[in-house]
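See below for the structure under consideration.
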Amino acid sequence: MSSRRDGSVMQVYARVTLVLKCHGLYPLVTDPGRSFRTRYRALNCCGVLFGVAFYGYLLLNYSLDMEAVRMNTQSVIVQRMLDAFHVVRYVTAIAVPATAMLTLEKSFRMLQLLEECSTEIVQLLHGVSKRFPFGVLSSSRFFVALQVASVACPVFCGMLAMSVVDALDKTRAKPGLYFRITRFLYFCGYVQLWLQPTIMLLLLLTRFGAVNKLMR
């Protein structure tokens with residue numbers, strides 16, 4: 001597999017958005033050849049509405065004014081701060097997929113231009129930096145490792161936090177299974193929401209770095 005294909009902008013974009021789609025935080029159909037057809041637009045709308053309903057259900061039943069949190073913190077201020085965070089997180093879960101759906105055409109056009117720019121840079125750098133023209137970001141293994149870490153870290157941190165809470169005080173109310181699952185979804189979704197713009201920014205920076213190398 002060529003370095004260009006390994007570090008393809010479209011390939012990276014598809015990988016990053018896949019996990020977001022699984023969390024209901026991105027339109028289900030992003031293929032430019034299909035996403036503008038009526039039935040796929042309807043599917044994307046249904047996906048966004050499902051996310052609104054699903055995260056709304058979690059917000060009302062497993063996030064706001066939780067007895068376990070109130071009894072463990074024994075602080076109304078902390079409880080209200082957590083409630084405010086959950087509300088903001090819910091608004092984010094609505095705004096991100098809705099905005100992404102409305103700007104799919106512009107996003108695809110930007111990615112297409114970035115891909116064309118990458119192709120030109122690879123051709124100009126041929127023989128200078130043949131295997132990894134954009135450094136470590138030319139390798140698909142880097143993005144695979146990043147995706148695995150973005151899912152594994154929330155799992156590990158969540159399990160560690162719950163274990164510490166359980167070990168510190170065994171007399172207070174213990175969070176239930178659904179509460180734990182909800183926290184994992186929130187944490188993992190939050191990480192994915194930051195991962196996507198971070199990766200896209202890294203892709204842009206590496207392209208500018210390659211152009212700077214060409215100008216020397």
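So you can find residues: chains in the structure tokens are A, B, ... in the order shown, residues in each start at 1, and ligands are numbered from 1 in order.
Shell of Pro154 of chain A at 7 Å, with only C-alpha atoms counted and residues fewer than 4 places along the chain excluded, is Gly158, Phe184, Phe187 and Cys188 of chain A.
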Store the residues of this selection in a file with N, CA and C atoms, as an mmCIF file, in the first residue's frame.
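Contents of out.cif, as written:
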data_model
loop_
_atom_site.group_PDB
_atom_site.id
_atom_site.type_symbol
_atom_site.label_atom_id
_atom_site.label_comp_id
_atom_site.auth_asym_id
_atom_site.auth_seq_id
_atom_site.Cartn_x
_atom_site.Cartn_y
_atom_site.Cartn_z
ATOM 1 N N GLY A 158 -12.661 5.197 33.552
ATOM 2 C CA GLY A 158 -13.951 4.995 34.206
ATOM 3 C C GLY A 158 -13.916 3.868 35.212
ATOM 4 N N PHE A 184 -19.676 6.217 30.879
ATOM 5 C CA PHE A 184 -18.743 5.780 29.840
ATOM 6 C C PHE A 184 -19.106 6.405 28.491
ATOM 7 N N PHE A 187 -18.118 10.108 28.575
ATOM 8 C CA PHE A 187 -16.671 10.297 28.546
ATOM 9 C C PHE A 187 -16.098 9.945 27.179
ATOM 10 N N CYS A 188 -16.485 8.781 26.667
ATOM 11 C CA CYS A 188 -15.966 8.338 25.373
ATOM 12 C C CYS A 188 -16.414 9.277 24.253
#
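Residue nearest Lys21 of chain A within the list A:Asn44, A:Asn61, A:Ser140, A:Ser8: A:Asn44 [criterion: smallest interatomic distance, only C-alpha atoms].
Residues with any atom within 12 Å of Thr103 of chain A, counting only C-alpha atoms and excluding same-chain neighbours fewer than 3 positions away, are Tyr26, Pro27, Thr30, Pro32, Ser35, Phe36, Val96, Pro97, Ala98, Thr99, Ala100, Lys106, Ser107, Phe108, Arg109 and Met110 of chain A.
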So that I have them on file, write out the residues from the current selection with all heavy atoms, as a CSV table (one decimal), in the first residue's frame.
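Once written, result-v5.csv looks like this:
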chain,number,residue,atom,x,y,z
A,26,TYR,N,-22.8,11.9,14.9
A,26,TYR,CA,-22.5,12.3,13.6
A,26,TYR,C,-23.5,11.7,12.6
A,26,TYR,O,-24.1,10.6,12.9
A,26,TYR,CB,-21.1,11.8,13.2
A,26,TYR,CG,-20.3,12.7,12.3
A,26,TYR,CD1,-19.8,13.9,12.8
A,26,TYR,CD2,-20.2,12.5,10.9
A,26,TYR,CE1,-19.1,14.8,11.9
A,26,TYR,CE2,-19.5,13.3,10.1
A,26,TYR,CZ,-19.0,14.5,10.6
A,26,TYR,OH,-18.3,15.3,9.7
A,27,PRO,N,-23.8,12.4,11.5
A,27,PRO,CA,-24.7,11.8,10.5
A,27,PRO,C,-24.3,10.4,10.1
A,27,PRO,O,-23.1,10.2,9.9
A,27,PRO,CB,-24.7,12.8,9.4
A,27,PRO,CG,-24.2,14.1,10.0
A,27,PRO,CD,-23.3,13.7,11.1
A,30,THR,N,-22.4,9.9,5.2
A,30,THR,CA,-21.6,11.0,4.9
A,30,THR,C,-21.0,10.9,3.5
A,30,THR,O,-20.3,11.8,3.0
A,30,THR,CB,-20.4,11.2,5.9
A,30,THR,OG1,-19.7,9.9,6.0
A,30,THR,CG2,-21.0,11.5,7.2
A,32,PRO,N,-20.6,11.6,-0.1
A,32,PRO,CA,-21.2,12.7,-0.9
A,32,PRO,C,-22.1,12.2,-2.1
A,32,PRO,O,-22.9,12.9,-2.6
A,32,PRO,CB,-20.0,13.4,-1.4
A,32,PRO,CG,-18.9,12.4,-1.4
A,32,PRO,CD,-19.2,11.6,-0.2
A,35,SER,N,-25.4,11.1,0.3
A,35,SER,CA,-25.9,11.9,1.5
A,35,SER,C,-26.9,13.0,1.0
A,35,SER,O,-27.7,13.5,1.9
A,35,SER,CB,-24.8,12.5,2.2
A,35,SER,OG,-24.0,13.4,1.4
A,36,PHE,N,-26.9,13.4,-0.2
A,36,PHE,CA,-27.8,14.5,-0.7
A,36,PHE,C,-29.1,13.9,-1.3
A,36,PHE,O,-29.9,14.7,-1.8
A,36,PHE,CB,-27.0,15.4,-1.7
A,36,PHE,CG,-25.8,16.0,-1.1
A,36,PHE,CD1,-24.5,15.6,-1.5
A,36,PHE,CD2,-25.8,16.9,0.0
A,36,PHE,CE1,-23.4,16.1,-1.0
A,36,PHE,CE2,-24.7,17.4,0.5
A,36,PHE,CZ,-23.5,17.0,0.1
A,96,VAL,N,-23.7,19.1,17.5
A,96,VAL,CA,-22.6,18.6,16.6
A,96,VAL,C,-23.2,17.8,15.4
A,96,VAL,O,-22.9,18.1,14.3
A,96,VAL,CB,-21.6,17.7,17.5
A,96,VAL,CG1,-20.7,16.9,16.5
A,96,VAL,CG2,-20.8,18.5,18.4
A,97,PRO,N,-24.1,16.8,15.6
A,97,PRO,CA,-24.6,16.1,14.5
A,97,PRO,C,-25.5,17.0,13.6
A,97,PRO,O,-25.4,16.8,12.4
A,97,PRO,CB,-25.4,14.9,15.1
A,97,PRO,CG,-25.7,15.3,16.5
A,97,PRO,CD,-24.5,16.2,16.9
A,98,ALA,N,-26.2,17.9,14.2
A,98,ALA,CA,-27.1,18.7,13.4
A,98,ALA,C,-26.2,19.7,12.5
A,98,ALA,O,-26.5,19.8,11.3
A,98,ALA,CB,-28.0,19.6,14.3
A,99,THR,N,-25.2,20.3,13.1
A,99,THR,CA,-24.3,21.2,12.3
A,99,THR,C,-23.6,20.4,11.3
A,99,THR,O,-23.4,20.9,10.1
A,99,THR,CB,-23.3,21.8,13.3
A,99,THR,OG1,-24.0,22.6,14.3
A,99,THR,CG2,-22.4,22.8,12.5
A,100,ALA,N,-23.1,19.2,11.6
A,100,ALA,CA,-22.4,18.4,10.6
A,100,ALA,C,-23.2,18.0,9.5
A,100,ALA,O,-22.8,18.0,8.3
A,100,ALA,CB,-21.8,17.1,11.3
A,106,LYS,N,-20.0,21.4,2.4
A,106,LYS,CA,-18.8,22.2,2.6
A,106,LYS,C,-17.7,21.4,3.2
A,106,LYS,O,-16.5,21.6,2.8
A,106,LYS,CB,-19.2,23.4,3.5
A,106,LYS,CG,-20.1,24.4,2.9
A,106,LYS,CD,-20.4,25.5,3.9
A,106,LYS,CE,-21.4,26.5,3.2
A,106,LYS,NZ,-21.6,27.6,4.2
A,107,SER,N,-18.0,20.5,4.1
A,107,SER,CA,-16.9,19.7,4.7
A,107,SER,C,-16.3,18.8,3.7
A,107,SER,O,-15.0,18.6,3.6
A,107,SER,CB,-17.5,18.8,5.8
A,107,SER,OG,-18.0,19.7,6.9
A,108,PHE,N,-17.1,18.2,2.8
A,108,PHE,CA,-16.5,17.3,1.8
A,108,PHE,C,-15.7,18.1,0.8
A,108,PHE,O,-14.6,17.6,0.4
A,108,PHE,CB,-17.7,16.6,1.1
A,108,PHE,CG,-17.2,15.7,0.0
A,108,PHE,CD1,-16.6,14.5,0.2
A,108,PHE,CD2,-17.4,16.1,-1.4
A,108,PHE,CE1,-16.1,13.7,-0.8
A,108,PHE,CE2,-16.9,15.3,-2.4
A,108,PHE,CZ,-16.3,14.1,-2.1
A,109,ARG,N,-16.1,19.2,0.4
A,109,ARG,CA,-15.4,20.1,-0.5
A,109,ARG,C,-14.0,20.4,0.1
A,109,ARG,O,-13.0,20.4,-0.6
A,109,ARG,CB,-16.1,21.3,-0.8
A,109,ARG,CG,-15.5,22.1,-2.0
A,109,ARG,CD,-16.3,23.4,-2.3
A,109,ARG,NE,-17.7,23.1,-2.5
A,109,ARG,CZ,-18.7,23.7,-1.7
A,109,ARG,NH1,-18.4,24.6,-0.8
A,109,ARG,NH2,-19.9,23.4,-1.9
A,110,MET,N,-14.0,20.8,1.4
A,110,MET,CA,-12.7,21.1,2.1
A,110,MET,C,-11.8,19.9,2.1
A,110,MET,O,-10.6,20.0,1.8
A,110,MET,CB,-13.0,21.6,3.5
A,110,MET,CG,-11.7,22.0,4.2
A,110,MET,SD,-12.0,22.1,6.0
A,110,MET,CE,-12.3,20.4,6.5
Taking only C-alpha atoms into account, which of A:Leu203, A:Thr38, A:Ile94, A:Tyr62 comes nearest Phe50 of chain A?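 Of all the options, A:Ile94 lies closest to Phe50 of chain A.
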Could you tell me how far atom CA of Ala152 of chain A lies from atom CA of Phe85 of chain A, in Å and to one decimal?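 Distance between the two atoms: 22.8 Å.
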Return the single residue from A:Ser118, A:Gln112, A:Gln192, A:Ser163 that is closest to Arg180 of chain A, with distances computed using only C-alpha atoms.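 Closest to Arg180 of chain A, using only C-alpha atoms: A:Ser163.
Distance annotation: of A:Met10, A:Met81, A:Val19, A:Leu25, the residue with the minimal separation from Val151 of chain A is A:Val19; atom set is only C-alpha atoms.
Interatomic distance, atom CA of Val78 of chain A against atom CA of Leu64 of chain A: 12.0 Å.
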Of the residues A:Ile199, A:Leu205, A:Arg80, A:Ala167, which is the one nearest to Phe142 of chain A, using only C-alpha atoms? A:Ile199
